[in-house]
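Have a look at structure-v7.txt; it's compact mmCIF, C-alpha atoms:
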# COMPACT_ATOMS: atom_id res chain seq x y z
CA PRO A 203 16.31 -44.30 -25.14
CA TYR A 204 19.82 -45.14 -23.99
CA ALA A 205 22.73 -42.86 -23.23
CA THR A 206 25.22 -44.87 -25.35
CA ILE A 207 25.20 -47.26 -28.27
CA ALA A 208 26.94 -49.83 -26.10
CA ALA A 209 24.09 -49.71 -23.59
CA ALA A 210 21.44 -49.98 -26.31
CA GLN A 211 23.00 -52.99 -27.99
CA ALA A 212 23.34 -54.76 -24.64
CA ALA A 213 19.58 -54.44 -24.15
CA SER A 214 18.11 -55.04 -27.61
CA SER A 215 18.65 -57.03 -30.80
CA ILE A 216 17.83 -53.92 -32.89
CA VAL A 217 19.49 -50.58 -32.20
CA PHE A 218 18.05 -47.36 -33.65
CA LEU A 219 20.36 -44.35 -33.87
CA GLN A 220 18.39 -41.10 -33.73
CA PRO A 221 19.54 -37.93 -35.57
CA GLY A 222 22.31 -36.05 -33.79
CA ASN A 223 26.07 -35.88 -33.29
CA TYR A 224 27.86 -38.91 -31.85
CA ILE A 225 31.38 -39.20 -30.42
CA GLU A 226 31.31 -42.82 -29.27
CA THR A 227 33.71 -45.54 -30.38
CA PHE A 228 31.89 -48.86 -30.23
CA ALA A 229 32.19 -52.47 -31.40
CA LEU A 230 29.51 -54.20 -33.44
CA VAL A 231 27.94 -57.26 -31.82
CA THR A 232 27.25 -60.51 -33.64
CA GLY A 233 23.67 -60.97 -34.75
CA LYS A 234 22.63 -57.38 -34.01
CA THR A 235 20.93 -54.99 -36.43
CA TYR A 236 21.62 -51.25 -36.27
CA PHE A 237 19.67 -48.58 -38.14
CA SER A 238 20.79 -44.96 -38.44
CA TYR A 239 18.24 -42.30 -39.33
CA PRO A 240 19.24 -39.41 -41.63
CA GLY A 241 21.12 -36.81 -39.62
CA VAL A 242 23.24 -39.28 -37.63
CA VAL A 243 26.79 -37.88 -37.72
CA PHE A 244 29.83 -39.27 -35.92
CA THR A 245 32.05 -36.23 -35.33
CA ALA A 246 34.45 -38.44 -33.36
CA GLY A 247 34.61 -42.15 -32.65
CA GLY A 248 33.30 -44.82 -34.99
CA ILE A 249 33.11 -48.59 -35.36
CA VAL A 250 36.16 -50.52 -34.14
CA ASN A 251 36.17 -54.32 -33.81
CA LEU A 252 39.34 -56.22 -32.89
CA SER A 253 39.62 -60.03 -32.99
CA THR A 254 35.86 -60.46 -33.33
CA THR A 255 33.55 -62.95 -35.04
CA LEU A 256 30.40 -61.37 -36.48
CA VAL A 257 27.56 -63.44 -37.95
CA GLY A 258 24.56 -61.74 -39.54
CA THR A 259 25.42 -58.30 -38.17
CA LYS A 260 23.85 -55.42 -40.11
CA PHE A 261 24.71 -51.75 -39.69
CA LEU A 262 22.13 -50.04 -41.92
CA GLY A 263 20.85 -46.59 -42.76
CA PHE A 264 22.26 -43.13 -43.32
CA ALA A 265 25.03 -42.48 -40.78
CA SER A 266 27.87 -40.16 -41.75
CA PHE A 267 31.28 -40.56 -40.15
CA ILE A 268 33.17 -37.25 -40.34
CA SER A 269 35.72 -37.96 -37.69
CA SER A 270 39.32 -37.61 -36.59
CA SER A 271 39.09 -41.23 -35.41
CA ASP A 272 38.85 -44.46 -37.41
CA CYS A 273 35.45 -44.48 -39.14
CA ILE A 274 35.18 -48.24 -39.67
CA LYS A 275 38.05 -50.45 -38.55
CA LEU A 276 37.61 -54.22 -38.33
CA ASP A 277 40.94 -55.92 -37.57
CA ASP A 278 41.58 -59.66 -37.26
CA VAL A 279 37.88 -60.41 -37.74
CA VAL A 280 35.78 -63.25 -39.16
CA LEU A 281 32.66 -61.97 -40.93
CA THR A 282 29.68 -64.02 -42.12
CA ASP A 283 26.77 -62.31 -43.91
CA VAL A 284 27.73 -58.89 -42.55
CA VAL A 285 26.30 -55.70 -44.10
CA LEU A 286 27.73 -52.21 -43.51
CA GLU A 287 25.82 -49.20 -44.80
CA PHE A 288 26.46 -45.46 -44.50
CA ASP A 289 26.04 -42.13 -46.20
CA ARG A 290 29.62 -40.80 -46.04
CA LEU A 291 32.97 -41.73 -44.55
CA GLU A 292 35.44 -38.89 -44.07
CA VAL A 293 38.49 -38.65 -41.83
CA THR A 294 39.81 -35.35 -40.51
CA GLY A 295 42.91 -36.77 -38.80
CA SER A 296 45.42 -39.63 -38.95
CA ALA A 297 42.90 -42.47 -39.09
CA TYR A 298 41.31 -44.95 -41.48
CA THR A 299 38.10 -44.35 -43.36
CA LEU A 300 37.60 -48.09 -43.98
CA ARG A 301 39.91 -50.91 -42.91
CA ILE A 302 38.93 -54.59 -42.86
CA ILE A 303 41.46 -57.34 -42.22
CA ALA A 304 39.96 -60.84 -42.23
CA ALA A 305 41.53 -63.54 -40.05
CA ALA A 306 39.62 -66.34 -41.82
CA LYS A 307 37.30 -66.70 -44.80
CA SER A 308 34.78 -63.86 -44.56
CA ASN A 309 32.04 -62.17 -46.54
CA VAL A 310 30.75 -58.62 -46.26
CA VAL A 311 28.69 -56.18 -48.33
CA ILE A 312 29.48 -52.48 -47.89
CA ASN A 313 27.15 -49.80 -49.29
CA GLY A 314 27.56 -46.03 -49.19
CA ASN A 315 27.33 -42.76 -51.07
CA SER A 316 30.91 -41.47 -50.77
CA ILE A 317 34.28 -41.97 -49.10
CA TYR A 318 36.66 -39.03 -48.71
CA ASP A 319 40.13 -39.18 -47.19
CA PRO A 320 42.43 -36.15 -47.72
CA ILE A 321 45.20 -37.71 -45.60
CA SER A 322 45.48 -41.44 -46.49
CA TYR A 323 46.84 -42.63 -43.14
CA ASN A 324 49.76 -45.06 -43.65
CA ALA A 325 49.54 -44.21 -47.39
CA GLN A 326 46.22 -46.05 -47.88
CA ALA A 327 42.72 -44.63 -47.51
CA ILE A 328 40.93 -47.99 -47.75
CA VAL A 329 42.52 -51.26 -46.62
CA LEU A 330 41.06 -54.67 -47.56
CA ARG A 331 43.18 -57.67 -46.60
CA GLY A 332 42.98 -61.36 -45.88
CA PRO A 333 40.50 -63.99 -47.18
CA LEU A 334 37.74 -61.44 -47.68
CA ASN A 335 34.84 -61.90 -50.11
CA GLY A 336 32.03 -59.51 -50.99
CA SER A 337 31.65 -56.03 -52.41
CA LEU A 338 32.17 -52.33 -51.79
CA ASN A 339 29.42 -50.34 -53.52
CA ILE A 340 29.82 -46.54 -53.53
CA LYS A 341 27.32 -44.48 -55.52
CA GLU A 342 29.28 -41.23 -55.97
CA SER A 343 33.05 -41.39 -55.48
CA ILE A 344 35.99 -42.69 -53.47
CA THR A 345 38.70 -40.07 -52.95
CA GLY A 346 42.07 -40.46 -51.25
CA ALA A 347 45.39 -38.68 -50.99
CA LEU A 348 48.03 -41.35 -51.60
CA GLY A 349 47.16 -45.04 -51.97
CA VAL A 350 43.38 -44.92 -52.32
CA ILE A 351 42.51 -48.65 -52.16
CA GLY A 352 45.03 -51.17 -50.91
CA PHE A 353 44.41 -54.89 -51.39
CA GLY A 354 46.68 -57.38 -49.71
CA SER A 355 47.44 -60.27 -47.38
CA ALA A 356 46.62 -60.52 -43.71
CA SER A 357 49.50 -60.92 -41.27
CA GLY A 358 49.16 -64.70 -41.45
CA GLY A 359 49.74 -64.64 -45.19
CA GLN A 360 46.14 -65.30 -46.23
CA ASP A 361 45.26 -63.41 -49.41
CA LEU A 362 42.20 -61.53 -50.59
CA GLN A 363 39.60 -63.64 -52.37
CA ASP A 364 36.58 -62.68 -54.55
CA PHE A 365 35.85 -59.01 -54.04
CA THR A 366 34.20 -56.35 -56.21
CA VAL A 367 34.44 -52.56 -56.00
CA ASN A 368 31.60 -50.72 -57.74
CA CYS A 369 32.18 -46.96 -57.89
CA PRO A 370 31.90 -44.58 -60.87
CA LYS A 371 34.90 -42.46 -59.80
CA ILE A 372 37.95 -43.55 -57.81
CA ILE A 373 40.14 -40.47 -57.38
CA GLN A 374 43.59 -39.68 -56.08
CA MET A 375 43.66 -36.04 -55.07
CA ASP A 376 46.75 -33.83 -55.14
CA THR A 377 47.13 -33.37 -51.39
CA TYR A 378 50.91 -33.52 -51.11
CA GLY A 379 52.00 -32.02 -54.41
CA ALA A 380 55.22 -33.57 -55.68
CA ALA A 381 56.42 -34.52 -52.17
CA TYR A 382 55.51 -38.22 -52.28
CA PRO A 383 55.43 -39.47 -55.87
CA GLN A 384 56.68 -42.88 -54.70
CA TYR A 385 53.32 -43.42 -52.99
CA SER A 386 51.21 -42.16 -55.84
CA GLN A 387 49.03 -45.22 -56.34
CA VAL A 388 45.25 -45.39 -56.60
CA ILE A 389 44.85 -49.18 -56.67
CA ILE A 390 47.49 -51.29 -54.89
CA ALA A 391 47.08 -54.82 -56.23
CA SER A 392 48.96 -57.14 -53.91
CA GLY A 393 47.98 -60.39 -52.24
CA ILE A 394 45.03 -61.71 -54.29
CA GLU A 395 44.68 -65.46 -53.78
CA GLU A 396 45.22 -67.82 -56.71
CA GLY A 397 41.92 -68.87 -58.27
CA TYR A 398 40.10 -65.72 -57.10
CA LYS A 399 39.37 -62.37 -58.74
CA VAL A 400 39.16 -58.79 -57.52
CA THR A 401 37.09 -56.63 -59.86
CA ILE A 402 37.03 -52.82 -60.14
CA ASN A 403 33.98 -51.43 -61.96
CA GLY A 404 34.54 -47.70 -62.47
CA ASP A 405 36.93 -45.07 -63.78
CA ILE A 406 40.22 -44.32 -62.00
CA TYR A 407 41.70 -40.81 -61.82
CA SER A 408 44.98 -39.39 -60.54
CA ASP A 409 45.42 -35.67 -59.89
CA ALA A 410 48.88 -36.22 -58.35
CA ILE A 411 51.71 -34.13 -59.73
CA GLY A 412 55.46 -34.60 -59.92
CA THR A 413 57.71 -37.17 -61.53
CA PRO A 414 56.59 -40.70 -60.57
CA GLY A 415 58.87 -42.70 -58.30
CA VAL A 416 60.06 -46.20 -59.15
CA ASN A 417 57.16 -47.75 -57.22
CA ASN A 418 54.57 -45.50 -58.77
CA GLY A 419 51.68 -46.60 -60.89
CA VAL A 420 48.07 -45.48 -60.70
CA VAL A 421 47.34 -49.21 -60.73
CA ALA A 422 50.35 -50.92 -59.17
CA SER A 423 51.33 -54.48 -58.32
CA ILE A 424 54.04 -53.97 -55.73
CA TYR A 425 55.04 -55.14 -52.23
CA SER A 426 53.96 -58.82 -52.58
CA ALA A 427 52.94 -61.40 -55.18
CA SER A 428 49.33 -61.63 -56.31
CA LEU A 429 48.53 -64.96 -57.97
CA GLY A 430 44.83 -64.20 -58.44
CA VAL A 431 43.38 -61.79 -61.01
CA LEU A 432 42.70 -58.06 -60.81
CA GLU A 433 40.18 -57.01 -63.47
CA ILE A 434 39.49 -53.35 -64.21
CA ASN A 435 36.32 -52.49 -66.10
CA GLY A 436 36.75 -48.77 -66.63
CA ASN A 437 39.21 -46.15 -67.81
CA ILE A 438 42.43 -44.92 -66.21
CA TYR A 439 43.07 -41.17 -66.40
CA ALA A 440 46.57 -41.02 -64.96
CA GLY A 441 47.44 -37.36 -65.49
CA THR A 442 51.19 -36.93 -65.08
CA GLN A 443 51.62 -40.37 -63.54
CA ARG A 444 52.45 -43.83 -64.89
CA ALA A 445 49.15 -45.61 -65.46
CA ILE A 446 50.03 -49.27 -64.70
CA LEU A 447 53.10 -50.74 -63.01
CA LEU A 448 53.76 -54.47 -62.62
CA SER A 449 56.71 -55.11 -60.30
CA THR A 450 55.64 -58.38 -58.66
CA ALA A 451 53.95 -61.58 -59.83
CA CYS A 452 50.37 -60.65 -60.75
CA ASN A 453 47.61 -61.04 -63.33
CA ILE A 454 45.87 -57.85 -64.44
CA ILE A 455 43.09 -57.52 -67.02
CA MET A 456 42.42 -54.00 -68.29
CA ASN A 457 39.06 -53.50 -70.05
CA GLY A 458 39.13 -49.79 -70.74
CA SER A 459 41.14 -46.87 -72.03
CA ILE A 460 44.34 -45.37 -70.64
CA GLU A 461 45.31 -41.71 -70.83
CA THR A 462 48.52 -40.26 -69.41
CA THR A 463 51.19 -37.67 -70.17
CA HIS A 464 53.73 -40.12 -68.75
CA GLN A 465 53.94 -43.89 -69.40
CA ALA A 466 50.94 -46.09 -70.19
CA PHE A 467 52.42 -49.15 -68.53
CA GLU A 468 55.65 -50.75 -67.36
CA ALA A 469 55.53 -54.54 -67.09
CA ASN A 470 58.57 -55.83 -65.20
CA ALA A 471 56.86 -58.93 -63.77
CA GLY A 472 53.57 -60.77 -63.95
CA GLN A 473 51.02 -60.74 -66.76
CA LEU A 474 48.95 -57.92 -68.28
CA LEU A 475 46.06 -58.28 -70.71
CA ILE A 476 44.70 -55.08 -72.29
CA LYS A 477 41.44 -55.34 -74.26
CA ASN A 478 39.44 -52.85 -76.30
CA SER A 479 41.49 -49.88 -75.15
CA THR A 480 42.43 -46.48 -76.50
CA ILE A 481 45.89 -45.81 -75.09
CA ILE A 482 47.03 -42.18 -75.14
CA GLN A 483 50.62 -41.90 -73.99
CA GLY A 484 52.53 -38.71 -73.28
CA VAL A 485 56.05 -37.51 -73.74
CA ALA A 486 57.93 -39.19 -70.88
CA ASN A 487 58.68 -42.89 -71.37
CA SER A 488 58.09 -45.66 -73.87
CA ILE A 489 55.86 -48.56 -72.88
CA THR A 490 58.18 -51.15 -71.31
CA VAL A 491 57.59 -54.91 -71.67
CA SER A 492 59.88 -57.18 -69.67
CA SER A 493 57.30 -59.80 -68.65
CA LYS A 494 54.11 -61.01 -70.41
CA VAL A 495 51.75 -58.60 -72.16
CA TRP A 496 48.82 -59.10 -74.53
CA ILE A 497 47.17 -56.15 -76.31
CA TYR A 498 43.89 -56.98 -78.11
CA GLY A 499 41.55 -54.79 -80.13
CA SER A 500 43.16 -51.49 -79.17
CA THR A 501 44.45 -48.16 -80.49
CA ILE A 502 47.74 -46.69 -79.29
CA ARG A 503 48.58 -43.01 -79.76
CA SER A 504 52.05 -42.16 -78.51
CA LYS A 505 53.21 -38.53 -78.40
CA LEU A 506 56.80 -39.55 -77.76
CA SER A 507 59.65 -38.63 -80.04
CA THR A 508 61.02 -42.13 -79.51
CA ASN A 509 59.80 -45.75 -79.64
CA ILE A 510 56.23 -46.64 -78.73
CA ILE A 511 57.15 -49.97 -77.07
CA ASP A 512 60.51 -51.17 -75.75
CA HIS A 513 60.64 -54.99 -75.67
CA THR A 514 64.25 -56.05 -75.44
CA SER A 515 64.16 -59.42 -73.65
CA ASP A 516 63.43 -62.69 -75.43
CA THR A 517 62.46 -64.27 -72.09
CA SER A 518 59.36 -62.06 -71.99
CA THR A 519 56.22 -62.22 -74.15
CA LEU A 520 54.51 -59.55 -76.24
CA VAL A 521 51.44 -60.41 -78.31
CA ILE A 522 49.43 -57.76 -80.18
CA ARG A 523 46.23 -58.43 -82.12
CA ASP A 524 43.72 -56.26 -84.03
CA THR A 525 45.49 -53.06 -83.00
CA ASP A 526 46.71 -49.87 -84.66
CA ALA A 527 49.45 -47.63 -83.30
CA VAL A 528 50.60 -44.11 -84.17
CA GLY A 529 53.81 -42.57 -82.86
CA GLY A 530 55.84 -39.45 -83.46
CA ALA A 531 59.22 -41.01 -84.18
CA GLY A 532 61.38 -44.04 -83.52
CA GLU A 533 60.01 -47.56 -83.87
CA PHE A 534 56.71 -49.22 -83.05
CA VAL A 535 58.40 -52.14 -81.25
CA ASN A 536 62.05 -51.62 -80.39
CA THR A 537 64.01 -54.75 -79.47
CA GLY A 538 67.30 -53.00 -78.88
CA GLY A 539 68.79 -54.54 -81.99
CA ALA A 540 68.22 -58.06 -80.64
CA ALA A 541 66.34 -60.93 -82.30
CA VAL A 542 63.35 -60.77 -79.93
CA ALA A 543 60.15 -62.50 -81.08
CA VAL A 544 56.80 -60.66 -81.04
CA GLY A 545 53.39 -62.08 -81.95
CA MET A 546 51.36 -59.79 -84.23
CA THR A 547 48.04 -60.40 -85.97
CA ASN A 548 46.29 -57.65 -87.93
CA VAL A 549 48.48 -54.86 -86.56
CA VAL A 550 49.07 -51.52 -88.33
CA SER A 551 51.44 -48.70 -87.38
CA ASN A 552 52.86 -45.60 -89.03
CA LEU A 553 56.25 -46.66 -87.64
CA ALA A 554 58.39 -49.63 -88.59
CA ASN A 555 59.57 -52.26 -86.11
CA ASP A 556 63.16 -52.88 -85.10
CA ALA A 557 64.85 -54.56 -88.07
CA ALA A 558 66.17 -57.30 -85.78
CA MET A 559 62.72 -58.21 -84.39
CA THR A 560 61.45 -61.68 -85.27
CA SER A 561 57.97 -63.16 -85.40
CA LEU A 562 56.51 -65.39 -82.72
CA TYR A 563 54.14 -66.78 -85.38
CA THR A 564 54.74 -68.31 -88.80
CA VAL A 565 53.60 -65.05 -90.39
CA LEU A 566 54.07 -61.60 -88.91
CA GLY A 567 50.68 -59.93 -89.26
CA PHE A 568 52.02 -56.37 -89.39
CA THR A 569 51.59 -53.54 -91.87
CA GLN A 570 53.42 -50.22 -91.84
CA ASP A 571 51.37 -47.31 -93.20
CA ALA A 572 52.90 -43.86 -92.79
CA ALA A 573 49.49 -42.25 -93.41
CA LEU A 574 47.85 -43.91 -90.38
CA VAL A 575 46.18 -41.55 -87.91
CA ALA A 576 44.73 -42.19 -84.46
CA PRO A 577 42.53 -40.21 -82.04
CA GLU A 578 44.21 -38.13 -79.34
CA PHE A 579 41.39 -38.45 -76.84
CA THR A 580 39.62 -41.26 -74.96
This structure in structure tokens:
Amino acid sequence: PYATIAAAQAASSIVFLQPGNYIETFALVTGKTYFSYPGVVFTAGGIVNLSTTLVGTKFLGFASFISSSDCIKLDDVVLTDVVLEFDRLEVTGSAYTLRIIAAAKSNVVINGNSIYDPISYNAQAIVLRGPLNGSLNIKESITGALGVIGFGSASGGQDLQDFTVNCPKIIQMDTYGAAYPQYSQVIIASGIEEGYKVTINGDIYSDAIGTPGVNNGVVASIYSASLGVLEINGNIYAGTQRAILLSTACNIIMNGSIETTHQAFEANAGQLLIKNSTIIQGVANSITVSSKVWIYGSTIRSKLSTNIIDHTSDTSTLVIRDTDAVGGAGEFVNTGGAAVAVGMTNVVSNLANDAAMTSLYTVLGFTQDAALVAPEFT
């Protein structure tokens, strides 16, 4: 046995961590394998690597990090065939649960049972940046206070590459009440490299309260352009928050339902494709389309007393196919009295469209039926 992890890894290619409480901050070593038995708990300290190259390093087993320090922080690193495995990550102070910033093309697989961050240091619980490839696989849930998962560029401008998050529940908790609605994002989709895709497999929840700020969206493309694709395979339960916000160049595919008492989405930039969705929208704001949006095979139920969709710019694109929409009042698509073209194929609504709206296609495939009903649940 060795007194410290650092001493053990200096003497052996395989390091076994026995059950007990640990307070050591240590750096992983290239080529080493670590195995933590059940009952290994870091009550302070954790894994911190700065400006390191790791090849074939494997941190395996059942360690829990319940610490006031950074649990796993790998900054300015190059990773090749690296595996990180744990039971639980939880911070109790101003620190990161999981932060990986790749300095060059890297690949990593991260496996765990749960991640819990009631503070979200620097407004992000999990940070994944730079030309990183691989997956984050969490069996139970990922929970954070403000920005839960932040994707983005490294300091040198290199963007995230192919990365997948598999987690059944990704949750934003109501830690701060209505104090910071401008930071109320669960997925921050910035800096995905062109030609690559980041995929989220799982449902996304927001328990945040308060009126959303201008930069707020449960899934938000803000801060910097993202020329790659973010694909969400799961539902968004946004609570009182805006579900999706596109404020920078981006490409988002939404395969799942959206439920919110606020606004389903606001597309001011980039491109949004919604497929096979039930969209339940509350009483706050109409859906806003000022960029490029496609809605396929979906049902929209708006509880607003005004228009379902505002689409007032002819420089943007709105295409709707195989979709029905029910609203309380106003118009299905409002163009602000302007001759804005919309593409519709096999679309039915209980509301009429703006009389000035024109068709993007030779034939407008739209039917108004005042008797149409739609479900109010997802």
Residues near Ile312 of chain A, cut-off 12 Å, all atoms listed in the file, skip fewer than 2 positions along chain, as number ranges by chain | A: 260-263, 274, 283-291, 300-302, 309-310, 314-317, 330, 335-341, 365-369
Could the residues in this selection be saved with C-alpha atoms as a CSV table (one decimal), in the frame of the given file?
chain,number,residue,atom,x,y,z
A,260,LYS,CA,23.8,-55.4,-40.1
A,261,PHE,CA,24.7,-51.8,-39.7
A,262,LEU,CA,22.1,-50.0,-41.9
A,263,GLY,CA,20.8,-46.6,-42.8
A,274,ILE,CA,35.2,-48.2,-39.7
A,283,ASP,CA,26.8,-62.3,-43.9
A,284,VAL,CA,27.7,-58.9,-42.6
A,285,VAL,CA,26.3,-55.7,-44.1
A,286,LEU,CA,27.7,-52.2,-43.5
A,287,GLU,CA,25.8,-49.2,-44.8
A,288,PHE,CA,26.5,-45.5,-44.5
A,289,ASP,CA,26.0,-42.1,-46.2
A,290,ARG,CA,29.6,-40.8,-46.0
A,291,LEU,CA,33.0,-41.7,-44.6
A,300,LEU,CA,37.6,-48.1,-44.0
A,301,ARG,CA,39.9,-50.9,-42.9
A,302,ILE,CA,38.9,-54.6,-42.9
A,309,ASN,CA,32.0,-62.2,-46.5
A,310,VAL,CA,30.8,-58.6,-46.3
A,314,GLY,CA,27.6,-46.0,-49.2
A,315,ASN,CA,27.3,-42.8,-51.1
A,316,SER,CA,30.9,-41.5,-50.8
A,317,ILE,CA,34.3,-42.0,-49.1
A,330,LEU,CA,41.1,-54.7,-47.6
A,335,ASN,CA,34.8,-61.9,-50.1
A,336,GLY,CA,32.0,-59.5,-51.0
A,337,SER,CA,31.6,-56.0,-52.4
A,338,LEU,CA,32.2,-52.3,-51.8
A,339,ASN,CA,29.4,-50.3,-53.5
A,340,ILE,CA,29.8,-46.5,-53.5
A,341,LYS,CA,27.3,-44.5,-55.5
A,365,PHE,CA,35.8,-59.0,-54.0
A,366,THR,CA,34.2,-56.4,-56.2
A,367,VAL,CA,34.4,-52.6,-56.0
A,368,ASN,CA,31.6,-50.7,-57.7
A,369,CYS,CA,32.2,-47.0,-57.9
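Considering the residues A:Asp277, A:Asp524, A:Asp512, A:Asp364 and counting all atoms listed in the file, Trp496 of chain A has its shortest atom-to-atom contact with A:Asp524.
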Which is closest to Val535 of chain A among A:Val575, A:Ile225, A:Leu506, A:Val491, if we use only C-alpha atoms?
-> A:Val491
Please provide as a ChimeraX atom specification all residues within 12 Å of Ser296 of chain A, with the sequence filter that same-chain residues fewer than 4 positions apart are discarded (counting all atoms listed in the file).
-> /A:269-273,292,319-327
Between A:Thr547, A:Ala304, A:Thr235, A:Gln211, which one has atoms that come closest to Asn251 of chain A, using only C-alpha atoms?
-> A:Ala304
Taking all atoms of segment 492-511 of chain A that the file lists and extending 6 Å past them on each side, where is the centre of the axis-aligned box and how long are its edges? Answer in Å to one decimal, as lines of an AutoDock Vina configuration file.
center_x = 51.3
center_y = -49.8
center_z = -74.6
size_x = 31.5
size_y = 34.5
size_z = 23.8
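Here atom CA of Lys307 of chain A and atom CA of Phe353 of chain A stand 15.3 Å from one another.
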Shell around Ile373 of chain A at 9 Å using only C-alpha atoms, local window under 3 positions removed, as a VMD selection string = chain A and resid 343 to 347 350 388 405 to 409
Name the residues in contact with Thr501 of chain A at a cut-off of 9 Å, using all atoms listed in the file, excluding same-chain residues fewer than 2 positions from it; report them as a PyMOL selection string.
-> chain A and resi 478-482+499+503+524-528+576-577
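Interatomic distance, atom CA of Glu461 of chain A to atom CA of Gly530 of chain A: 16.6 Å.
Take atom CA of Asn313 of chain A and atom CA of Ala391 of chain A: the distance between them is 21.7 Å.
Comparing the minimum interatomic distances between Asn437 of chain A and each of A:Ile460, A:Ile249, A:Leu520, A:Leu362, counting all atoms listed in the file, we find that A:Ile460 sits nearest.
Minimum atom-to-atom distance to Thr508 of chain A, evaluated using only C-alpha atoms, belongs to A:Asn536 out of A:Ser493, A:Asn536, A:Ser308, A:Thr401.
The smallest atom-to-atom distance between Gly332 of chain A and any of A:Asn509, A:Thr282, A:Ser392, A:Thr537, using all atoms listed in the file, is found for A:Ser392.
Every polymer residue reaching to within 12 Å of (70.7, -53.8, -81.7), counting all atoms listed in the file, appears in this list: His513, Thr514, Ser515, Asn536, Thr537, Gly538, Gly539, Ala540, Ala541, Val542, Asp556, Ala557, Ala558 and Met559 of chain A.
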For a cut-off of 8 Å around (53.7, -37.5, -70.1), file coordinates, pick out all residues using all atoms listed in the file and list them as a ChimeraX atom specification.
-> /A:441-443,462-465,483-487
Write out as a PyMOL selection string the residues lying within 6 Å of Asn552 of chain A, counting only C-alpha atoms and excluding same-chain residues fewer than 4 positions away.
-> chain A and resi 528+570-572+574
